[in-house]
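Asks: Can you read through this structure? Questions will come right after.
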Amino acid sequence: MSTPLESSCKSTDSNPSNPKEHVCNDWSETMKEGIDKDVIESVYTEWATKSNGSYDEKMAPYFYTGSYYVAKAVNDNRSDKNIRILDIACGTGFVGQHLNHFGFSNVDGMDASSGMLEKAKAKHVYKNYFLSAIGPPNPPTEIPDHKYDVITICGGLGPGHIPCEAVDEMIRIVKPGGLIINITRASILERYSEYKNKWEPYIAKKEEEQKWREVCRTIFKNYCFGKDGIMYIHEVL
Ligand SMILES: C[S@@+](CC[C@H](N)C(=O)[O-])C[C@H]1O[C@@H](n2cnc3c(N)ncnc32)[C@H](O)[C@@H]1O
C-alpha cells in the first residue's frame, strides 16, 4: 500500500500530445539566457494582456499540464481543504483554478508581473495577491515565518525567473512539516547558467543543512508543448 506522497510520486500519466510549435513564440521570448528580471516582468505583462494570442489562449491546458499536476499533488498529499497555500509565480492563476476545483480555497497568489497578476485577480481564485518577485536581489518578502502549509510553483524557473536562492525564502515561510511542490520543464535546469550545476547542488545543500527533505521527484511526459517536466516535492523540516 503506497502512501499519498508515494502515489503522487508515481503519477506520471499525461494526456496531451501533438504539441504545436508555432504557439511557442511568446514562450521563447521569456526564455532567453541573460534576460533581465525587469524585462521578464514586462514580457509577461505584455503576453498576459495581448488581445490575440494571450498567455491564457496559448498556454491552454491541452499544451501545458503542469498546473493540473501540481494541484493534484497537493490533493494527493493533503486532505484538509482549509490549509493555507501560496502559489508562487502564479501567473494568470492556472494552478489556483485547479486547486479550487480540488476544493482548496485558502490559496494566495504571488507573481512578479502586474499584468499576469491582474488576469489572476479577474478569476477570483486566490484570497490575497502579492505583486512580488521572490529571491535575490529582492529582499525577503514581508510574509511571516511559517505562514503556509504548502507552496506551489509551476513554471516559475527560467532565465531571469526564480533564482536558486529563493528556496531559502520559501522554506522560511512554510510550516515545519509543510510541503514545497515545484514543477518545471526539465531541460531548463540544464540549459540555463542560472541553474546548470547550481540547482541540484543548491537543493541538496538544503537537505544537508536539514532545512528540508526530498519526498520525491517525478518526470512528467508532455509537461509543456511535448517537453518533459520534473516535479519536486520537499517537506520542510
Ligand atoms: C511560465 S509563467 C507560469 C505561470 C503559472 N504558474 C502557470 O503555470 O501558468 C512564469 C511566471 O513566473 C513569474 N515570475 C518570474 N520570476 C518570478 C519571481 N522571481 N517571483 C515571482 N514570480 C516570478 C512570471 O511573472 C510569470 O508569471
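Residue numbers start at 1 in each chain; chains themselves are named A, B, ... in the order of the C-alpha cells; ligands are numbered from 1 in the order shown.
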Residues within 7 Å of ligand 1, counting only C-alpha atoms and all ligand atoms: report them as a count of residues only.

Replies: 30

Asks: Pick out the residues sitting within 7 Å of Lys147 (chain A), and hand them over as a list in words; count only C-alpha atoms, and ignore anything fewer than 6 positions along from it in its own chain.

Replies: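 Counting only the stated atoms, we get Ile173, Val174 and Lys175 of chain A.
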
Asks: Selected residues, C-alpha atoms, written as a short mmCIF file (atom, residue, chain, number, x, y, z; two decimals), in the first residue's frame, please.

Replies:
data_model
loop_
_atom_site.label_atom_id
_atom_site.label_comp_id
_atom_site.auth_asym_id
_atom_site.auth_seq_id
_atom_site.Cartn_x
_atom_site.Cartn_y
_atom_site.Cartn_z
CA ILE A 173 7.52 30.91 5.12
CA VAL A 174 6.39 27.25 5.18
CA LYS A 175 5.49 25.49 8.43
#

Asks: Can you tell me which residues surround region 212-222 of chain A at a distance of at most 6 Å, considering only C-alpha atoms, apart from same-chain residues fewer than 2 positions away, and format the answer as a PDB file with C-alpha atoms, in the first residue's frame?

Replies:
ATOM      1  CA  CYS A   9       5.406  10.446  -6.997  1.00  0.00           C
ATOM      2  CA  THR A  12       3.410  10.233 -14.486  1.00  0.00           C
ATOM      3  CA  GLU A 207      18.902  18.808   2.648  1.00  0.00           C
ATOM      4  CA  GLN A 210      18.373  19.716   7.370  1.00  0.00           C
ATOM      5  CA  CYS A 224       4.578  21.508 -21.798  1.00  0.00           C
ATOM      6  CA  GLY A 226       5.601  17.902 -25.618  1.00  0.00           C
ATOM      7  CA  LYS A 227       8.646  18.539 -23.403  1.00  0.00           C
ATOM      8  CA  ASP A 228       9.264  16.603 -20.201  1.00  0.00           C
ATOM      9  CA  GLY A 229       8.732  18.213 -16.836  1.00  0.00           C
ATOM     10  CA  ILE A 230      10.136  17.413 -13.427  1.00  0.00           C
ATOM     11  CA  MET A 231       8.195  17.812 -10.209  1.00  0.00           C
ATOM     12  CA  TYR A 232       9.968  18.024  -6.864  1.00  0.00           C
ATOM     13  CA  ILE A 233       8.145  17.594  -3.579  1.00  0.00           C
ATOM     14  CA  HIS A 234      10.092  18.685  -0.496  1.00  0.00           C
ATOM     15  CA  GLU A 235       8.973  18.580   3.105  1.00  0.00           C
ATOM     16  CA  VAL A 236      10.171  21.447   5.266  1.00  0.00           C
ATOM     17  CA  LEU A 237      11.854  20.279   8.481  1.00  0.00           C
TER      18      LEU A 237
END

Asks: Mind giving me the straight-line distance from CA of Tyr69 (chain A) to CA of Ile85 (chain A) in Å, one decimal?

Replies: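 Between CA of Tyr69 (chain A) and CA of Ile85 (chain A) the gap works out to 15.3 Å.
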
Asks: Using only C-alpha atoms, pick whichever of A:Ser114, A:Val125, A:Leu131, A:Lys81 has the shortest atom-to-atom distance to Val150 (chain A).

Replies: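 Among the listed residues, the smallest separation from Val150 (chain A) belongs to A:Lys81.
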
Asks: Any chance you could list, as a VMD selection string, the residues in region 36-73 of chain A that come up alpha helix (DSSP H) when DSSP is run on the backbone?

Replies: chain A and resid 37 to 49 55 to 58 66 to 73

Asks: Would you output that residue set with N, CA and C atoms, as a short mmCIF file (atom, residue, chain, number, x, y, z; two decimals), in the first residue's frame?

Replies:
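Contents of selection31.cif, freshly written:
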data_model
loop_
_atom_site.label_atom_id
_atom_site.label_comp_id
_atom_site.auth_asym_id
_atom_site.auth_seq_id
_atom_site.Cartn_x
_atom_site.Cartn_y
_atom_site.Cartn_z
N LYS A 37 15.69 40.73 -15.16
CA LYS A 37 14.47 40.46 -14.39
C LYS A 37 13.36 41.48 -14.70
N ASP A 38 13.75 42.73 -14.93
CA ASP A 38 12.73 43.74 -15.26
C ASP A 38 12.08 43.45 -16.61
N VAL A 39 12.88 42.92 -17.52
CA VAL A 39 12.33 42.59 -18.85
C VAL A 39 11.35 41.43 -18.73
N ILE A 40 11.68 40.47 -17.88
CA ILE A 40 10.77 39.34 -17.63
C ILE A 40 9.40 39.87 -17.21
N GLU A 41 9.40 40.82 -16.28
CA GLU A 41 8.14 41.38 -15.79
C GLU A 41 7.33 41.96 -16.94
N SER A 42 7.99 42.73 -17.79
CA SER A 42 7.24 43.40 -18.85
C SER A 42 6.85 42.45 -19.97
N VAL A 43 7.69 41.46 -20.26
CA VAL A 43 7.34 40.50 -21.31
C VAL A 43 6.09 39.72 -20.90
N TYR A 44 6.06 39.28 -19.64
CA TYR A 44 4.87 38.53 -19.20
C TYR A 44 3.64 39.42 -19.15
N THR A 45 3.82 40.67 -18.74
CA THR A 45 2.66 41.57 -18.69
C THR A 45 2.10 41.78 -20.10
N GLU A 46 3.00 41.95 -21.05
CA GLU A 46 2.55 42.14 -22.43
C GLU A 46 1.84 40.88 -22.93
N TRP A 47 2.42 39.73 -22.63
CA TRP A 47 1.85 38.46 -23.08
C TRP A 47 0.46 38.24 -22.45
N ALA A 48 0.35 38.56 -21.16
CA ALA A 48 -0.93 38.35 -20.45
C ALA A 48 -2.05 39.17 -21.06
N THR A 49 -1.70 40.35 -21.55
CA THR A 49 -2.75 41.29 -21.95
C THR A 49 -2.92 41.41 -23.47
N TYR A 55 -1.49 34.85 -23.02
CA TYR A 55 -0.94 33.71 -22.27
C TYR A 55 -2.00 32.63 -22.08
N ASP A 56 -3.20 33.02 -21.66
CA ASP A 56 -4.23 32.01 -21.38
C ASP A 56 -4.64 31.26 -22.63
N GLU A 57 -4.63 31.94 -23.77
CA GLU A 57 -5.00 31.25 -25.01
C GLU A 57 -3.92 30.28 -25.44
N LYS A 58 -2.67 30.73 -25.35
CA LYS A 58 -1.58 29.89 -25.87
C LYS A 58 -1.16 28.79 -24.92
N GLY A 66 1.27 21.23 -16.40
CA GLY A 66 1.91 21.36 -15.10
C GLY A 66 0.98 21.83 -14.00
N SER A 67 0.14 22.79 -14.30
CA SER A 67 -0.70 23.37 -13.25
C SER A 67 -1.65 22.31 -12.67
N TYR A 68 -2.14 21.43 -13.53
CA TYR A 68 -3.02 20.36 -13.06
C TYR A 68 -2.25 19.42 -12.14
N TYR A 69 -1.04 19.03 -12.55
CA TYR A 69 -0.29 18.04 -11.77
C TYR A 69 0.17 18.60 -10.42
N VAL A 70 0.47 19.87 -10.36
CA VAL A 70 0.84 20.48 -9.08
C VAL A 70 -0.37 20.45 -8.14
N ALA A 71 -1.52 20.86 -8.65
CA ALA A 71 -2.72 20.87 -7.81
C ALA A 71 -3.09 19.45 -7.38
N LYS A 72 -2.93 18.51 -8.29
CA LYS A 72 -3.22 17.11 -7.97
C LYS A 72 -2.29 16.61 -6.86
N ALA A 73 -1.02 17.03 -6.94
CA ALA A 73 -0.06 16.60 -5.91
C ALA A 73 -0.47 17.14 -4.54
#

Asks: Point out the residue among A:Lys127, A:Arg84, A:Lys198, A:Lys32 with the least atom-to-atom distance to Gly158 (chain A), counting only C-alpha atoms.

Replies: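 Among A:Lys127, A:Arg84, A:Lys198, A:Lys32, it is A:Lys32 that comes nearest to Gly158 (chain A).
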
Asks: In region 1-222 of chain A, what's strand (DSSP E or B) per DSSP? Answer as a PDB file with C-alpha atoms, in the first residue's frame?

Replies:
ATOM      1  CA  TYR A  64       0.571  22.792 -20.629  1.00  0.00           C
ATOM      2  CA  ILE A  85      -1.396  27.543   0.218  1.00  0.00           C
ATOM      3  CA  LEU A  86       0.844  30.076  -1.529  1.00  0.00           C
ATOM      4  CA  ASP A  87       1.112  29.722  -5.303  1.00  0.00           C
ATOM      5  CA  ILE A  88       4.398  31.408  -6.249  1.00  0.00           C
ATOM      6  CA  VAL A 107      -4.940  29.996  -1.568  1.00  0.00           C
ATOM      7  CA  ASP A 108      -2.830  33.126  -2.089  1.00  0.00           C
ATOM      8  CA  GLY A 109      -1.055  34.054  -5.312  1.00  0.00           C
ATOM      9  CA  MET A 110       2.289  35.791  -5.845  1.00  0.00           C
ATOM     10  CA  ASP A 111       3.763  36.937  -9.141  1.00  0.00           C
ATOM     11  CA  TYR A 129      -2.426  38.722  -4.183  1.00  0.00           C
ATOM     12  CA  PHE A 130       1.229  39.673  -3.856  1.00  0.00           C
ATOM     13  CA  LEU A 131       2.942  41.590  -6.654  1.00  0.00           C
ATOM     14  CA  TYR A 148       1.850  28.440   4.817  1.00  0.00           C
ATOM     15  CA  ASP A 149       1.145  24.713   4.818  1.00  0.00           C
ATOM     16  CA  VAL A 150       2.061  24.311   1.177  1.00  0.00           C
ATOM     17  CA  ILE A 151       3.860  26.312  -1.502  1.00  0.00           C
ATOM     18  CA  THR A 152       3.225  25.512  -5.149  1.00  0.00           C
ATOM     19  CA  ILE A 153       5.377  26.653  -8.067  1.00  0.00           C
ATOM     20  CA  CYS A 154       4.543  25.807 -11.654  1.00  0.00           C
ATOM     21  CA  VAL A 174       6.388  27.252   5.181  1.00  0.00           C
ATOM     22  CA  LYS A 175       5.491  25.494   8.426  1.00  0.00           C
ATOM     23  CA  PRO A 176       7.670  22.614   9.586  1.00  0.00           C
ATOM     24  CA  GLY A 177       6.066  19.543   8.050  1.00  0.00           C
ATOM     25  CA  GLY A 178       4.699  21.630   5.181  1.00  0.00           C
ATOM     26  CA  LEU A 179       5.374  20.949   1.525  1.00  0.00           C
ATOM     27  CA  ILE A 180       7.044  22.812  -1.342  1.00  0.00           C
ATOM     28  CA  ILE A 181       5.847  21.412  -4.663  1.00  0.00           C
ATOM     29  CA  ASN A 182       7.697  22.679  -7.706  1.00  0.00           C
ATOM     30  CA  ILE A 183       7.233  21.636 -11.320  1.00  0.00           C
ATOM     31  CA  THR A 184       9.406  22.899 -14.149  1.00  0.00           C
ATOM     32  CA  ARG A 185      10.400  21.988 -17.655  1.00  0.00           C
ATOM     33  CA  TRP A 212      14.054  20.219   4.087  1.00  0.00           C
ATOM     34  CA  ARG A 213      13.953  16.649   2.816  1.00  0.00           C
ATOM     35  CA  GLU A 214      13.162  15.474  -0.670  1.00  0.00           C
ATOM     36  CA  VAL A 215       9.986  13.425  -0.638  1.00  0.00           C
ATOM     37  CA  CYS A 216      10.103  12.595  -4.321  1.00  0.00           C
ATOM     38  CA  ARG A 217      10.910  13.790  -7.788  1.00  0.00           C
ATOM     39  CA  THR A 218       8.913  12.686 -10.802  1.00  0.00           C
ATOM     40  CA  ILE A 219       9.440  13.087 -14.522  1.00  0.00           C
ATOM     41  CA  PHE A 220       6.277  14.026 -16.418  1.00  0.00           C
ATOM     42  CA  LYS A 221       5.961  13.289 -20.113  1.00  0.00           C
ATOM     43  CA  ASN A 222       4.451  16.092 -22.218  1.00  0.00           C
TER      44      ASN A 222
END

Asks: Looking at only C-alpha atoms, which of A:Met31, A:Asn100, A:His124, A:Glu118 is the one that sits closest to Ser187 (chain A)?

Replies: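 Looking only at the distances to Ser187 (chain A), the closest residue turns out to be A:Met31.
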
Asks: Rounded to one decimal in Å, what is the spacing between CA of Gly34 (chain A) and CA of Tyr192 (chain A)?

Replies: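 Between CA of Gly34 (chain A) and CA of Tyr192 (chain A) the gap is 8.6 Å.
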
Asks: So which one's closest to Pro137 (chain A), A:Ala166, A:Phe225, A:Glu194, A:Lys206? Using only C-alpha atoms, please.

Replies: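 Among the listed residues, the smallest separation from Pro137 (chain A) belongs to A:Ala166.
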
Asks: Could you please determine the separation between CA of Met170 (chain A) and CA of Phe104 (chain A) in Å, to one decimal place?

Replies: 19.9 Å

Asks: Find the residue from A:Lys196, A:Phe63, A:Pro201, A:Leu99 that sits nearest to Asn75 (chain A); use only C-alpha atoms when measuring.

Replies: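 So, comparing all the options, the nearest one is A:Leu99.
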
Asks: I'd like to know which of A:Cys164, A:Glu200, A:Gly103, A:Gly53 is closest to Arg78 (chain A), using only C-alpha atoms.

Replies: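 Answer, going by the shortest atom-to-atom distance: A:Gly103.
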